[in-house]
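**Student:** Below you'll find the structure I mean.
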Amino acid sequence: MTPYVLHGLNPSPYSVKMRAILRYRRIPFVWQATGNPREAALAAGLPPVIPVLVFPDGTAMNDSTPLAHALERAHAGRSIVPDDAAHGYLSDLLEDFGDEWVTKMMFHYRWYYEADRAFAQDWVVTSRDPVMPEAERRAAKQAFNDRQVGRMAMVGCTEQNRPVIEDSYRFVLDTLDRHVRSIPFLFGSRPSLADFGLFGQLQILSVDPTPMAEMRARAPDVYCWLLRLDDASGVDGEWLDPSRPLPPTLTALLAHCAETYLPFLAANTRALQDGAAEVAVSIGGRPYAQAPFRYQAKCHDALRKKLAALPGEVRRRLDPVLEETGCIHYLG
Ligand SMILES: N[C@@H](CCC(=O)N[C@@H](CS)C(=O)NCC(=O)O)C(=O)O
């Protein structure tokens, strides 16, 4: 059988997220991680973002969330969508929190502190081409640094937002650390889409020097969870029992989502509807501001539509959780 080909890079959070999903699901693939993987997207007429997954029939796709769902349709067994639809929705919500909010932490730490910026330049440039003439390598590092630092404000990584982003990183570390000390993954002893969404960003944060030091000191079990999840092809577990209350660490993560990511998401949607130049919102009593982001309005819309489409029996079990954690205000 022709294997899948995953075009990505080791320093790319969404690339390592997809790689971990393919490994856990035991779907044979080739990890194509040198050169410029963006060319695979352009060649297929896709938006120039990585990773790109080429299916055995030659079809190429990018965007990790629809990709994960396409793999669910294509392959039975070892699903990463919890069997219970209420847990499935919460897994989608936490995956989105990882992809769209924790990514701000990833981008902030990578490009804010000197040591991280220096390391990221080497890591990205050598991932593309490990052996380069010195002058070319220096120029490539500088060009990549300037491009990414130039994008920081666009994704909300500003001095004003720094306390919100760094505090949120610490909260996620502390809460997830407590969680994985009693339950191996977010929704049981097998990983869900939520685990992989958080994994993508936190795996990068576990390598870049400043957030790595913080993670190892503060949340060693999160660091070990990341190592386990990177290749979980040997894990055979069970979902949490949906008739039991959710673990308090999971409700704490959802409540944090309702205090940080979701108010931002709702304000972003409003700003785009109003044609405003800025999203301005108070998060944990602190001001947070950035330019509106169209892709995240799509994420918000998708979460709201998914919730609205759930049958009454599922809503009766799910709504109390969304109410208790405060998420419902932004999703109804
Ligand atoms: N929503 C996409 C995001 C993918 C993404 O943003 N990838 C980054 C690299 S990790 C990228 O290609 N950015 C465009 C660029 O750097 O030009 C996904 O889940 O795959």
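Here, A, B, ... name the chains of the structure tokens in the order displayed, residue numbers run from 1 inside each chain, and ligands are numbered from 1 in the same displayed order.
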Could you tell me, as a list of chain:residue names, which residues of stretch 69-317 of chain A DSSP assigns to strand (DSSP E) when given the backbone?

**Tutor:** A:Val279, A:Ala280, A:Val281, A:Ser282, A:Ile283, A:Arg286, A:Pro287, A:Tyr288, A:Ala289, A:Gln290

**Student:** So which residues touch stretch 237-254 of chain A within 7 Å, counting only C-alpha atoms, skipping near sequence neighbours fewer than 6 positions away, as a list in words?

**Tutor:**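 So the residues in contact are Pro82, Asp84, Thr175, Arg178, His179, Phe187, Gly188, Ser189, Arg190 and Thr325 of chain A.
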
**Student:** Nearest residue to ligand 1 out of A:Cys257, A:Ile50, A:Leu176, A:Ala41, using only C-alpha atoms and all ligand atoms?

**Tutor:**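 With only C-alpha atoms and all ligand atoms as the atom set, the closest residue is A:Ile50.
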
**Student:** What lies within 9 Å of A:Ile27 using only C-alpha atoms, ignoring chain neighbours under 3 positions off, as a PyMOL selection string?

**Tutor:** chain A and resi 3-4+21-24+75

**Student:** Based on the selection just made, write N, CA and C atoms of those residues as a PDB file, in the first residue's frame.

**Tutor:**
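Output contents, as saved in again03.pdb:
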ATOM      1  N   PRO A   3       2.062   4.582   1.210  1.00  0.00           N
ATOM      2  CA  PRO A   3       1.770   5.252   2.483  1.00  0.00           C
ATOM      3  C   PRO A   3       1.382   6.712   2.257  1.00  0.00           C
ATOM      4  N   TYR A   4       0.813   7.290   3.276  1.00  0.00           N
ATOM      5  CA  TYR A   4       0.587   8.739   3.288  1.00  0.00           C
ATOM      6  C   TYR A   4       1.948   9.424   3.324  1.00  0.00           C
ATOM      7  N   ILE A  21      -0.741  12.121  15.626  1.00  0.00           N
ATOM      8  CA  ILE A  21      -2.047  11.493  15.332  1.00  0.00           C
ATOM      9  C   ILE A  21      -1.842  10.270  14.444  1.00  0.00           C
ATOM     10  N   LEU A  22      -1.056  10.426  13.387  1.00  0.00           N
ATOM     11  CA  LEU A  22      -0.830   9.294  12.468  1.00  0.00           C
ATOM     12  C   LEU A  22      -0.168   8.124  13.201  1.00  0.00           C
ATOM     13  N   ARG A  23       0.781   8.442  14.082  1.00  0.00           N
ATOM     14  CA  ARG A  23       1.452   7.361  14.827  1.00  0.00           C
ATOM     15  C   ARG A  23       0.476   6.654  15.758  1.00  0.00           C
ATOM     16  N   TYR A  24      -0.293   7.428  16.535  1.00  0.00           N
ATOM     17  CA  TYR A  24      -1.235   6.795  17.466  1.00  0.00           C
ATOM     18  C   TYR A  24      -2.228   5.924  16.696  1.00  0.00           C
ATOM     19  N   HIS A  75     -10.416   5.811   8.149  1.00  0.00           N
ATOM     20  CA  HIS A  75      -9.867   4.662   8.892  1.00  0.00           C
ATOM     21  C   HIS A  75     -10.678   4.376  10.138  1.00  0.00           C
TER      22      HIS A  75
END

**Student:** Report the distance between atom CA of A:Asn10 and atom CA of A:Gln121 in Å, rounded to one decimal place.

**Tutor:**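 Straight-line distance from atom CA of A:Asn10 to atom CA of A:Gln121 works out to 12.8 Å.
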
**Student:** Considering only C-alpha atoms, return as a count of residues only whatever protein or nucleic-acid residues lie within 12 Å of A:Cys299, sequence-local ones (same chain, fewer than 5 positions apart) excluded.

**Tutor:** 25

**Student:** Please list as a VMD selection string every residue within 10 Å of stretch 102-111 of chain A, counting only C-alpha atoms and excluding residues in the same chain fewer than 3 positions away.

**Tutor:** chain A and resid 13 to 14 95 to 99 114 to 121 145 to 146 148 to 153 155 to 159 161 to 162 164 to 169 172 197 to 212 261

**Student:** Write out the residues from the selection above, keeping C-alpha atoms, as a PDB file, in the first residue's frame.

**Tutor:**
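Okay, again.pdb is ready:
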ATOM      1  CA  PRO A  13       3.496  22.661  16.067  1.00  0.00           C
ATOM      2  CA  TYR A  14       0.763  21.581  13.668  1.00  0.00           C
ATOM      3  CA  GLU A  95      -8.456  21.056  20.609  1.00  0.00           C
ATOM      4  CA  ASP A  96      -9.428  24.491  19.310  1.00  0.00           C
ATOM      5  CA  PHE A  97      -8.163  26.104  22.529  1.00  0.00           C
ATOM      6  CA  GLY A  98      -4.818  24.371  21.893  1.00  0.00           C
ATOM      7  CA  ASP A  99      -4.639  25.240  18.196  1.00  0.00           C
ATOM      8  CA  GLU A 114      16.680  36.329  23.144  1.00  0.00           C
ATOM      9  CA  ALA A 115      17.675  32.712  23.910  1.00  0.00           C
ATOM     10  CA  ASP A 116      14.517  31.339  22.300  1.00  0.00           C
ATOM     11  CA  ARG A 117      14.832  33.531  19.190  1.00  0.00           C
ATOM     12  CA  ALA A 118      18.420  32.394  18.712  1.00  0.00           C
ATOM     13  CA  PHE A 119      17.527  28.713  19.116  1.00  0.00           C
ATOM     14  CA  ALA A 120      14.454  28.921  16.858  1.00  0.00           C
ATOM     15  CA  GLN A 121      16.525  30.380  14.037  1.00  0.00           C
ATOM     16  CA  ASN A 145      13.714  35.886  12.479  1.00  0.00           C
ATOM     17  CA  ASP A 146      12.653  39.196  10.931  1.00  0.00           C
ATOM     18  CA  GLN A 148       8.388  35.975  12.428  1.00  0.00           C
ATOM     19  CA  VAL A 149       9.139  38.875  14.779  1.00  0.00           C
ATOM     20  CA  GLY A 150       7.315  41.085  12.276  1.00  0.00           C
ATOM     21  CA  ARG A 151       4.233  38.882  12.693  1.00  0.00           C
ATOM     22  CA  MET A 152       4.118  38.921  16.488  1.00  0.00           C
ATOM     23  CA  ALA A 153       1.662  41.802  16.835  1.00  0.00           C
ATOM     24  CA  VAL A 155      -1.154  37.192  16.325  1.00  0.00           C
ATOM     25  CA  GLY A 156      -1.425  39.102  19.617  1.00  0.00           C
ATOM     26  CA  CYS A 157       2.111  38.576  20.920  1.00  0.00           C
ATOM     27  CA  THR A 158       2.693  42.122  22.186  1.00  0.00           C
ATOM     28  CA  GLU A 159       4.186  43.571  25.354  1.00  0.00           C
ATOM     29  CA  ASN A 161      -0.627  41.016  26.122  1.00  0.00           C
ATOM     30  CA  ARG A 162       2.443  39.300  27.592  1.00  0.00           C
ATOM     31  CA  VAL A 164      -2.135  37.352  29.943  1.00  0.00           C
ATOM     32  CA  ILE A 165      -0.276  34.927  27.690  1.00  0.00           C
ATOM     33  CA  GLU A 166       2.379  33.929  30.234  1.00  0.00           C
ATOM     34  CA  ASP A 167      -0.120  33.512  33.082  1.00  0.00           C
ATOM     35  CA  SER A 168      -2.283  31.357  30.862  1.00  0.00           C
ATOM     36  CA  TYR A 169       0.753  29.163  30.037  1.00  0.00           C
ATOM     37  CA  VAL A 172      -2.342  25.240  31.596  1.00  0.00           C
ATOM     38  CA  GLY A 197      -4.296  19.927  19.842  1.00  0.00           C
ATOM     39  CA  LEU A 198      -2.558  20.770  23.120  1.00  0.00           C
ATOM     40  CA  PHE A 199       0.330  18.452  22.269  1.00  0.00           C
ATOM     41  CA  GLY A 200       1.221  20.332  19.067  1.00  0.00           C
ATOM     42  CA  GLN A 201       1.844  23.647  20.799  1.00  0.00           C
ATOM     43  CA  LEU A 202       3.168  22.281  24.122  1.00  0.00           C
ATOM     44  CA  GLN A 203       5.646  19.998  22.350  1.00  0.00           C
ATOM     45  CA  ILE A 204       7.292  23.087  20.842  1.00  0.00           C
ATOM     46  CA  LEU A 205       7.144  24.862  24.217  1.00  0.00           C
ATOM     47  CA  SER A 206       8.903  21.818  25.704  1.00  0.00           C
ATOM     48  CA  VAL A 207      11.877  22.322  23.372  1.00  0.00           C
ATOM     49  CA  ASP A 208      12.319  26.115  23.163  1.00  0.00           C
ATOM     50  CA  PRO A 209      14.629  26.970  26.106  1.00  0.00           C
ATOM     51  CA  THR A 210      12.655  29.461  28.267  1.00  0.00           C
ATOM     52  CA  PRO A 211       9.261  27.669  28.285  1.00  0.00           C
ATOM     53  CA  MET A 212      11.055  24.284  28.469  1.00  0.00           C
ATOM     54  CA  TYR A 261      -9.762  32.092  24.743  1.00  0.00           C
TER      55      TYR A 261
END

**Student:** Can you tell me how far atom CA of A:Val16 sits from atom CA of A:Ala302, in Å to one decimal?

**Tutor:** 23.5 Å

**Student:** Could you tell me how far atom CA of A:Ile283 lies from atom CA of A:Pro263, in Å and to one decimal?

**Tutor:**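 Straight-line distance from atom CA of A:Ile283 to atom CA of A:Pro263 works out to 7.5 Å.
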
**Student:** Using only C-alpha atoms, determine which residues lie at most 9 Å from A:Ala276, disregarding the query and same-chain residues fewer than 4 positions distant; provide the list as an MDAnalysis selection string.

**Tutor:** chainID A and resid 270:272 291:292

**Student:** Run DSSP on the backbone and tell me which residues of stretch 93-211 of chain A come out as alpha helix (DSSP H); list them as a ChimeraX atom specification.

**Tutor:** /A:93-97,103-112,114-128,134-151,162-180,193-205,209-211

**Student:** Identify, on the basis of only C-alpha atoms, every residue whose closest approach to A:Leu307 does not exceed 10 Å; exclude the query and any residue fewer than 5 positions from it along the same chain; express the result as number ranges by chain.

**Tutor:** A: 86, 89-90, 301-302, 314-315, 318-319, 328, 331-332
